Structures are given as C-alpha cells and as structure tokens.
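Source file upload.cif; content: mmCIF, C-alpha atoms.
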```
data_work
loop_
_atom_site.label_atom_id
_atom_site.label_comp_id
_atom_site.auth_asym_id
_atom_site.auth_seq_id
_atom_site.Cartn_x
_atom_site.Cartn_y
_atom_site.Cartn_z
CA MET E 467 90.79 90.03 87.94
CA PRO E 468 90.14 93.18 89.99
CA GLN E 469 86.91 94.93 89.16
CA PHE E 470 84.92 97.84 90.41
CA SER E 471 81.34 98.89 89.79
CA THR E 472 79.33 101.76 91.16
CA THR E 473 76.11 103.59 90.43
CA ARG E 474 75.80 107.17 91.60
CA ARG E 475 72.92 109.59 91.38
CA VAL E 476 74.23 113.03 90.42
CA GLN E 477 72.53 116.40 90.16
CA HIS E 478 73.43 116.90 86.50
CA SER E 479 71.66 115.82 83.34
CA ALA E 480 72.56 112.54 81.66
CA SER E 481 73.57 114.49 78.54
CA ASP E 482 75.92 116.76 80.53
CA MET E 483 77.52 113.79 82.29
CA PHE E 484 77.95 111.97 78.97
CA ASP E 485 79.67 115.07 77.53
CA LEU E 486 81.95 115.34 80.56
CA VAL E 487 83.12 111.72 80.36
CA ALA E 488 83.40 111.90 76.55
CA ASP E 489 85.77 114.90 76.81
CA VAL E 490 88.82 112.64 77.19
CA GLU E 491 91.32 115.39 76.39
CA ARG E 492 90.51 117.03 79.75
CA TYR E 493 91.23 113.91 81.85
CA PRO E 494 94.73 115.03 82.91
CA GLN E 495 93.08 117.98 84.71
CA PHE E 496 91.10 115.82 87.15
CA VAL E 497 91.33 112.03 86.70
CA PRO E 498 93.39 110.28 89.41
CA LEU E 499 96.83 109.14 88.17
CA CYS E 500 96.23 110.48 84.62
CA GLN E 501 99.36 112.38 83.67
CA SER E 502 98.56 112.88 79.99
CA LEU E 503 96.15 111.82 77.28
CA ALA E 504 96.71 112.06 73.53
CA VAL E 505 94.01 111.33 70.97
CA ARG E 506 95.41 109.37 68.02
CA ARG E 507 92.24 109.58 65.92
CA ARG E 508 88.49 110.27 65.98
CA THR E 509 86.08 108.65 63.56
CA LYS E 510 82.35 108.10 63.13
CA ASP E 511 81.28 104.47 62.84
CA GLY E 512 78.28 104.93 60.53
CA GLU E 513 75.78 104.18 63.30
CA GLY E 514 75.99 107.62 64.91
CA ARG E 515 78.73 106.65 67.33
CA GLU E 516 82.06 108.41 67.61
CA VAL E 517 85.14 106.25 68.09
CA VAL E 518 88.24 107.71 69.70
CA VAL E 519 91.61 105.95 69.91
CA ALA E 520 93.74 107.51 72.63
CA ASP E 521 96.93 106.98 74.62
CA MET E 522 96.66 107.62 78.34
CA THR E 523 99.74 107.86 80.53
CA VAL E 524 99.26 107.07 84.19
CA ALA E 525 101.95 107.89 86.70
CA TYR E 526 102.57 107.33 90.37
CA LYS E 527 105.87 108.21 92.02
CA PHE E 528 108.58 106.58 89.86
CA ILE E 529 106.23 104.39 87.80
CA ARG E 530 104.83 105.61 84.51
CA GLU E 531 102.83 103.50 82.06
CA THR E 532 101.06 104.35 78.80
CA PHE E 533 98.19 102.37 77.38
CA THR E 534 96.02 102.68 74.30
CA SER E 535 92.24 102.34 74.28
CA ARG E 536 89.39 102.54 71.81
CA VAL E 537 86.57 104.63 73.26
CA THR E 538 83.13 104.27 71.67
CA LEU E 539 80.91 107.26 72.43
CA ASP E 540 77.26 106.29 71.89
CA ARG E 541 75.27 109.47 72.49
CA THR E 542 71.97 107.89 71.35
CA ASN E 543 72.16 105.28 74.13
CA LEU E 544 74.05 107.55 76.57
CA SER E 545 76.80 104.99 76.98
CA ILE E 546 80.57 104.88 76.63
CA LEU E 547 82.59 101.70 76.10
CA VAL E 548 86.35 101.68 76.60
CA GLU E 549 88.23 98.78 75.02
CA TYR E 550 91.87 98.14 75.82
CA LEU E 551 94.21 97.87 72.82
CA GLU E 552 97.81 97.84 74.10
CA GLY E 553 100.00 98.59 77.10
CA PRO E 554 100.68 97.18 80.57
CA PHE E 555 97.37 95.36 81.00
CA ARG E 556 96.59 91.79 80.06
CA ARG E 557 93.00 92.93 79.72
CA MET E 558 90.86 95.87 80.71
CA ASN E 559 87.33 96.93 80.01
CA ASN E 560 85.45 99.93 81.18
CA ARG E 561 81.82 100.96 80.68
CA TRP E 562 79.83 104.06 81.53
CA SER E 563 76.07 104.47 81.23
CA PHE E 564 73.96 107.50 82.03
CA ARG E 565 70.26 107.09 82.90
CA PRO E 566 68.11 110.21 83.19
CA VAL E 567 66.20 110.48 86.47
CA SER E 568 64.87 113.97 85.83
CA GLU E 569 65.78 116.90 83.61
CA ASN E 570 68.64 117.85 85.96
CA SER E 571 69.72 114.53 87.47
CA CYS E 572 70.81 111.09 86.36
CA GLU E 573 72.28 107.82 87.51
CA VAL E 574 75.84 107.26 86.37
CA GLU E 575 76.94 103.65 86.23
CA PHE E 576 80.67 102.99 86.07
CA PHE E 577 82.24 99.54 85.63
CA LEU E 578 85.92 98.67 85.33
CA ALA E 579 87.72 95.33 85.24
CA TYR E 580 91.42 94.94 84.64
CA GLU E 581 94.38 92.61 84.93
CA LEU E 582 97.96 93.83 84.71
CA ARG E 583 100.29 91.92 82.38
CA SER E 584 103.30 91.98 84.68
CA ARG E 585 103.11 90.28 88.07
CA ALA E 586 105.76 92.68 89.38
CA LEU E 587 103.75 95.70 88.22
CA ALA E 588 100.61 94.15 89.74
CA VAL E 589 102.38 93.86 93.10
CA LEU E 590 103.81 97.39 92.87
CA MET E 591 100.78 99.17 91.46
CA GLY E 592 97.81 96.94 92.21
CA SER E 593 96.66 98.69 95.37
CA VAL E 594 97.40 102.14 93.90
CA PHE E 595 95.33 101.36 90.78
CA ASP E 596 92.53 99.93 92.93
CA ALA E 597 92.39 103.09 95.06
CA ALA E 598 92.53 105.39 92.02
CA PHE E 599 89.89 103.45 90.07
CA ARG E 600 87.57 103.53 93.09
CA ARG E 601 87.85 107.34 93.06
CA PHE E 602 87.08 107.72 89.33
CA ALA E 603 83.31 108.15 89.60
CA ALA E 604 83.68 110.70 92.41
CA ALA E 605 86.31 112.60 90.40
CA PHE E 606 83.89 112.93 87.48
CA GLU E 607 81.10 114.06 89.82
CA ARG E 608 83.36 116.75 91.33
CA ARG E 609 84.40 117.82 87.82
CA ALA E 610 80.73 118.12 86.79
CA ASP E 611 80.09 120.38 89.78
CA GLN E 612 83.03 122.56 88.67
CA VAL E 613 81.99 122.69 85.01
CA TYR E 614 78.19 122.88 85.34
CA GLY E 615 77.86 124.26 88.87
CA ALA E 616 76.84 122.36 91.97
CA GLN E 617 73.11 121.70 92.01
CA PRO E 618 70.98 121.35 95.13
CA ALA E 619 70.07 117.73 95.91
#
```

Represent the supplied structure as structure tokens.
Amino acid sequence: MPQFSTTRRVQHSASDMFDLVADVERYPQFVPLCQSLAVRRRTKDGEGREVVVADMTVAYKFIRETFTSRVTLDRTNLSILVEYLEGPFRRMNNRWSFRPVSENSCEVEFFLAYELRSRALAVLMGSVFDAAFRRFAAAFERRADQVYGAQPA
C-alpha cells in the first residue's frame, strides 16, 4: 500500500496551520488534483471535536473520481484525522498533527496511506496520485504564506 509521511517546520503558528487544513471547502483553490469538495454535514462529537463528512472530486486529464471521507477536527490536540468512507479506494487514511515550536512556527506532520480498489485505476493513476500526494504538504505551506503572509525563517 503506497504511503507518504513528512514533517515540515513552517513559519506559521500551529493554530493557524490547523485552521488552514481544517478549511476543507477551500481545497479546490490550491490542493493538487482537487477539482471540487462538497461538505455533506458538520457535527460536534461531544468531546469538543468537529466532524465533517465531505465528498472530494479529484481529476486528472480524462479521469475523474469522487470519494467520501469523515474528517475529525480535534482543535484541543491540534490534530486532524481523515477516514475514508466510500469511493475508488480500497482503503485510505490520512493524519495531520501540528506541534508548536514557537509562537509563530510549528512542525506539521502529514501522513497518508492508500490503496486503490481497481487495479486498472491503480496502473493509470498510481504515479499521478503519488506525485500529487507528495506535494500536499508543500501546497498547504504555500497556501499559509498566501493567507497569513510569508514569515522570515
């Protein structure tokens, strides 16, 4: 099962980076391959976490796939868990964590593991997904610089 993990130090607060990743409706503006994202519902889970169920459509050339995920936004622990519900994957899980380093910087940890359901789709899209997923963390860092302003290192 392909997986990718990275930890990046960014010149933005952990809270700001959490907010940026939690703002799923904006993903089509900057996330690689994300053509659209529609939130089905938002709820609170009783433990201070917000749970979002959303459909994301990814597209590349003539291929277009939509999948549904449950996103648990845990502000208290500065973590985000994405659980796959339905779509072209056999399985997928994605985690983000944000560790403060200083008032204006943090370490962002990103982990993603996935397996496509269809062997044909895996052959067609596997390398494209791999390349896009490897650019996710950098895309969020660039977006943070746009939204919050680039900070000196």

What residues come out when you apply the PyMOL selection byres ((chain E and resi 515-529) around 9) to this file, written as a ChimeraX atom specification? /E:490,494,498-514,530-542,551,590-591,594

Excluding Gln617 in chain E and residues on its chain fewer than 2 positions from it, collect all residues at most 12 Å away from it, counting all atoms listed in the file, and give them as a tab-separated table (two decimals) with C-alpha atoms, in the coordinates of the input.
```tsv
chain	number	residue	atom	x	y	z
E	476	VAL	CA	74.23	113.03	90.42
E	477	GLN	CA	72.53	116.40	90.16
E	478	HIS	CA	73.43	116.90	86.50
E	479	SER	CA	71.66	115.82	83.34
E	570	ASN	CA	68.64	117.85	85.96
E	571	SER	CA	69.72	114.53	87.47
E	607	GLU	CA	81.10	114.06	89.82
E	608	ARG	CA	83.36	116.75	91.33
E	610	ALA	CA	80.73	118.12	86.79
E	611	ASP	CA	80.09	120.38	89.78
E	612	GLN	CA	83.03	122.56	88.67
E	613	VAL	CA	81.99	122.69	85.01
E	614	TYR	CA	78.19	122.88	85.34
E	615	GLY	CA	77.86	124.26	88.87
E	619	ALA	CA	70.07	117.73	95.91
```

Closest to Val574 in chain E among E:Thr472, E:Asp482, E:Leu547, E:Asn559, using all atoms listed in the file? E:Thr472

With a distance cut-off of 9 Å and only C-alpha atoms, select the neighbouring residues of Phe564 in chain E, excluding the residue or stretch itself and same-chain residues fewer than 5 positions from it, and output the selection as a PyMOL selection string. chain E and resi 479-481+483-484+543-546+572-575

Selected residue, from E:Glu569, E:Ser584, E:Gln469, E:Phe576, that lies nearest to Phe555 in chain E when counting only C-alpha atoms: E:Ser584

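Nearest residue to Phe602 in chain E, choosing from E:Arg556, E:Arg583, E:Arg565, E:Arg474 and counting all atoms listed in the file: E:Arg474.
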